[in-house]
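K.L.:
Can you read through this structure? Questions will come right after.
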Amino acid sequence: MILVTGGAGFIGSYLQGELTRRGLQTVIADRLGAHGKWRNIARHPPVQIVHPGELDAWLATDPPLEMVFHMGAISGTLATDGDHVWRTNVELSLKLWTWCARHRVRFVYASSAATYGDGAGGFDDDPAALPGLEPLNLYGWSKHVFDLRVADMLRRGAPAPPQWAGLKFFNVYGPNEYHKNGMVSVVKVKHDELAAGRPATLFRSAHADLPDGAQQRDFIWVGDCAAVMLWLLDNPAVCGLFNVGTGVARTYLDMAHAVATASNRVCDVAFVDMPDALSAQYQSYTCARTDRLRAAGYAAPFTSLEDGVGRYVRDYLSQANPYH
């Protein structure tokens, strides 16, 4: 049996669907709420849903878990409630790490490329580089804190799960993200704008030497994220902190053109000023270094932006039921 925290969320529900398709029993820890989040798991219901407030009591029953995929988090980059973010993103993660170490259960958790801040220090996922990182927002900082805690526990020889991995996800897009509202991927936002007959709006560049639309991101198809996690499931000897991105940075204009092509629409682009709340924490460039993941043995190719966007539009956004 496998526990997926955040298993009704974006990446978590996609992963949970893939695990279910393998014939594995899954339990998710999440809130379904009242806004249709249940649709993320409608095609692959778990054997049990545990409310996050009841997770401690459920774990106290010593469930026969093989692995925990800890995808649950307060993931909004504009989150401001520090106490709530700390309890969810740091304390809960530490609690699960400790439980998995004690019960010899494998543990994979979601970190984030937001830990790299403005990227000035590079995107090196070697734990030795952690002390030099300066995240720009509360969410990124909370993920960074747990990465640091893991590195410290390992350095001190504290008990650890028999397998552990932290995954620094870059700019993920794909189905089952529809509940995220303002945090939905820019791919989905541009699709909706073009589908409504409006231009694709992109932020003007905040740097004089960077043209509008030339800001770059490492956009990664959610299926590739799930593939990395399934590979970890199949390779219990692999441990470490790993970037999960394609290793290729693409511009926002590239992304807008890919969405337009997949939607059979003309790519009309309009540039707008960036909101003040976002400008102080905006990353103009992200690109995963993937050499450590490759060195660990992950050999599958990553989906190109054009192929991933095409699949998203064709197989999901254009369908009556756009869920995975």
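Chain labels A, B, ... are given in the sequence in which chains occur in the structure tokens; within each chain residues are numbered consecutively from 1, and ligands are likewise numbered from 1 in the order shown.
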So that I can see what lies close to Ala8 of chain A, please list as a short mmCIF file (atom, residue, chain, number, x, y, z; two decimals) with N, CA and C atoms, in the first residue's frame the residues with an atom at most 7 Å from it, counting only C-alpha atoms and leaving out residues fewer than 3 positions away in the same chain.

P.N.:
```
data_model
loop_
_atom_site.label_atom_id
_atom_site.label_comp_id
_atom_site.auth_asym_id
_atom_site.auth_seq_id
_atom_site.Cartn_x
_atom_site.Cartn_y
_atom_site.Cartn_z
N GLY A 12 0.09 15.14 -7.28
CA GLY A 12 -0.27 13.98 -6.47
C GLY A 12 -1.33 13.11 -7.10
N SER A 13 -2.38 13.73 -7.67
CA SER A 13 -3.45 12.93 -8.28
C SER A 13 -2.99 12.27 -9.57
N ASP A 30 -5.64 14.09 1.99
CA ASP A 30 -5.96 15.36 1.32
C ASP A 30 -7.35 15.80 1.74
N LEU A 32 -10.84 17.09 -0.02
CA LEU A 32 -11.52 17.20 -1.31
C LEU A 32 -12.23 18.53 -1.45
N LYS A 37 -12.64 19.16 -6.53
CA LYS A 37 -11.32 18.52 -6.52
C LYS A 37 -11.43 17.00 -6.63
N TRP A 38 -12.58 16.44 -6.25
CA TRP A 38 -12.79 14.99 -6.35
C TRP A 38 -12.62 14.49 -7.78
N ASN A 40 -10.33 15.05 -9.76
CA ASN A 40 -8.94 14.66 -10.03
C ASN A 40 -8.70 13.17 -9.80
N ILE A 41 -9.51 12.56 -8.96
CA ILE A 41 -9.32 11.14 -8.64
C ILE A 41 -10.51 10.29 -9.06
#
```

K.L.:
Write out as a PyMOL selection string all residues of segment 89-294 of chain A that DSSP puts in strand (DSSP E or B) for this structure's backbone.

P.N.:
chain A and resi 106-112+164-169+171-173+200-203+216-217+219-221+240-244+250-251+269-272+285

K.L.:
Might you pull out every residue within 6 Å of segment 246-262 of chain A, with only C-alpha atoms counted and same-chain residues fewer than 4 positions away left off, and present them as a count of residues only?

P.N.:
14

K.L.:
Excluding same-chain residues fewer than 2 positions from Tyr116 of chain A, what lies within 10 Å of it counting only C-alpha atoms, as a PyMOL selection string?

P.N.:
chain A and resi 112-114+118-125+130+132-136+140-141+144+168+283+286

K.L.:
Need to verify the contact set: Asn137 of chain A, 10 Å, only C-alpha atoms, exclusion of same-chain residues closer than 5 positions in sequence. Can you return it as an MDAnalysis selection string?

P.N.:
chainID A and resid 76:80 114:115 117 142 278 280:282

K.L.:
Could the residues in this selection be saved with N, CA and C atoms as a compact mmCIF listing (two decimals), in the first residue's frame?

P.N.:
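Contents of the output file result-v2.txt:
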```txt
# COMPACT_ATOMS: atom_id res chain seq x y z
N GLY A 76 1.17 27.86 -2.87
CA GLY A 76 1.00 29.17 -3.49
C GLY A 76 2.23 30.04 -3.28
N THR A 77 2.78 30.58 -4.36
CA THR A 77 3.97 31.43 -4.23
C THR A 77 3.65 32.78 -3.61
N LEU A 78 2.36 33.12 -3.52
CA LEU A 78 1.96 34.37 -2.89
C LEU A 78 1.42 34.15 -1.48
N ALA A 79 1.58 32.95 -0.93
CA ALA A 79 1.13 32.66 0.43
C ALA A 79 1.81 33.59 1.43
N THR A 80 1.07 34.04 2.44
CA THR A 80 1.62 34.97 3.42
C THR A 80 1.48 34.51 4.87
N ALA A 114 11.51 26.75 -6.61
CA ALA A 114 11.41 28.04 -5.93
C ALA A 114 12.49 28.21 -4.89
N THR A 115 13.13 27.12 -4.46
CA THR A 115 14.22 27.21 -3.49
C THR A 115 15.43 27.95 -4.07
N GLY A 117 15.50 30.76 -5.64
CA GLY A 117 15.39 32.21 -5.66
C GLY A 117 15.44 32.76 -7.07
N SER A 142 10.09 27.74 2.75
CA SER A 142 9.67 26.58 3.55
C SER A 142 10.20 25.28 2.96
N LEU A 278 4.00 40.41 -7.48
CA LEU A 278 4.79 39.35 -8.09
C LEU A 278 6.20 39.80 -8.46
N ALA A 280 8.63 41.39 -7.07
CA ALA A 280 9.75 41.24 -6.14
C ALA A 280 10.22 39.79 -6.02
N GLN A 281 9.43 38.85 -6.50
CA GLN A 281 9.79 37.43 -6.36
C GLN A 281 9.77 36.69 -7.69
N TYR A 282 9.90 37.43 -8.77
CA TYR A 282 9.78 36.83 -10.10
C TYR A 282 11.12 36.27 -10.56
```

K.L.:
Choose the residue, out of A:Leu232, A:Ala208, A:Val184, A:Leu24, that has the smallest atom-to-atom separation from Tyr109 of chain A; count only C-alpha atoms.

P.N.:
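Under the stated criterion, the closest residue is A:Leu232.
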
K.L.:
Pick from A:Phe203, A:Tyr285, A:Phe107, A:Trp86: nearest to Phe170 of chain A, with only C-alpha atoms counted?

P.N.:
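Using only C-alpha atoms, Phe170 of chain A sits closest to A:Tyr285.
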
K.L.:
Using only C-alpha atoms, which of A:Asp83, A:His103, A:Arg311, A:Val47 sits nearest Ala60 of chain A?

P.N.:
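Closest to Ala60 of chain A, using only C-alpha atoms: A:His103.
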
K.L.:
When you draw a straight line from atom CA of Thr88 of chain A to atom CA of Val186 of chain A, how long is it in Å?

P.N.:
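Pair atom CA of Thr88 of chain A / atom CA of Val186 of chain A returns 25.3 Å.
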
K.L.:
For a test of reading the model, state the distance in Å between atom CA of Val4 of chain A and atom CA of Phe69 of chain A, rounded to one decimal.

P.N.:
4.8 Å

K.L.:
Give me the residues near Leu167 of chain A as an mmCIF file with C-alpha atoms, in the first residue's frame, where near means some atom within 10 Å (using only C-alpha atoms) and where sequence neighbours in that chain fewer than 2 positions away do not count.

P.N.:
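Below is the file that was written, out12.cif:
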```
data_model
loop_
_atom_site.group_PDB
_atom_site.id
_atom_site.type_symbol
_atom_site.label_atom_id
_atom_site.label_comp_id
_atom_site.auth_asym_id
_atom_site.auth_seq_id
_atom_site.Cartn_x
_atom_site.Cartn_y
_atom_site.Cartn_z
ATOM 1 C CA MET A 71 3.229 15.822 -2.365
ATOM 2 C CA VAL A 108 9.840 10.688 -1.463
ATOM 3 C CA TYR A 109 8.936 14.338 -0.977
ATOM 4 C CA ALA A 110 8.263 17.351 -3.177
ATOM 5 C CA SER A 111 10.716 20.204 -2.961
ATOM 6 C CA SER A 112 10.646 23.014 -5.531
ATOM 7 C CA ALA A 113 12.686 25.075 -7.956
ATOM 8 C CA ASP A 125 20.838 20.240 -6.756
ATOM 9 C CA ASP A 147 15.844 20.389 2.331
ATOM 10 C CA ALA A 165 14.438 11.408 -2.273
ATOM 11 C CA PHE A 169 10.034 20.269 -9.400
ATOM 12 C CA PHE A 170 10.392 23.032 -11.969
ATOM 13 C CA CYS A 225 7.343 14.115 -12.999
ATOM 14 C CA VAL A 228 10.620 10.000 -12.181
ATOM 15 C CA MET A 229 8.664 9.017 -9.076
ATOM 16 C CA GLY A 240 19.201 11.933 -3.002
ATOM 17 C CA LEU A 241 18.019 15.440 -3.749
ATOM 18 C CA PHE A 242 17.231 15.807 -7.448
ATOM 19 C CA ASN A 243 16.040 18.482 -9.828
ATOM 20 C CA VAL A 244 13.011 17.401 -11.853
ATOM 21 C CA GLY A 245 13.012 19.504 -14.989
ATOM 22 C CA LEU A 293 19.460 12.536 -11.746
#
```

K.L.:
Among segment 58-208 of chain A, which residues carry a DSSP assignment of helix (DSSP H, G or I), reported as a PyMOL selection string?

P.N.:
chain A and resi 58-59+82-103+113-116+127-132+138-156+178-183+186-195

K.L.:
Determine, counting only C-alpha atoms, which protein, DNA and RNA residues have an atom within 9 Å of an atom of Val272 of chain A; residues of the same chain fewer than 6 positions away are not included. Present the result as a list in words.

P.N.:
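Counting only the stated atoms, we get Thr201, Leu202, Phe203 and Arg204 of chain A.
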
K.L.:
Would you output that residue set with N, CA and C atoms, as a tab-separated table (two decimals), in the first residue's frame?

P.N.:
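Written out: part_18.tsv:
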```tsv
chain	number	residue	atom	x	y	z
A	201	THR	N	-1.67	36.93	-22.99
A	201	THR	CA	-0.99	38.02	-22.30
A	201	THR	C	0.28	37.50	-21.63
A	202	LEU	N	1.36	38.21	-21.83
A	202	LEU	CA	2.65	37.89	-21.21
A	202	LEU	C	3.17	39.11	-20.49
A	203	PHE	N	3.93	38.90	-19.44
A	203	PHE	CA	4.49	40.02	-18.69
A	203	PHE	C	5.62	40.70	-19.47
A	204	ARG	N	5.63	42.01	-19.39
A	204	ARG	CA	6.76	42.75	-19.93
A	204	ARG	C	8.01	42.42	-19.11
```
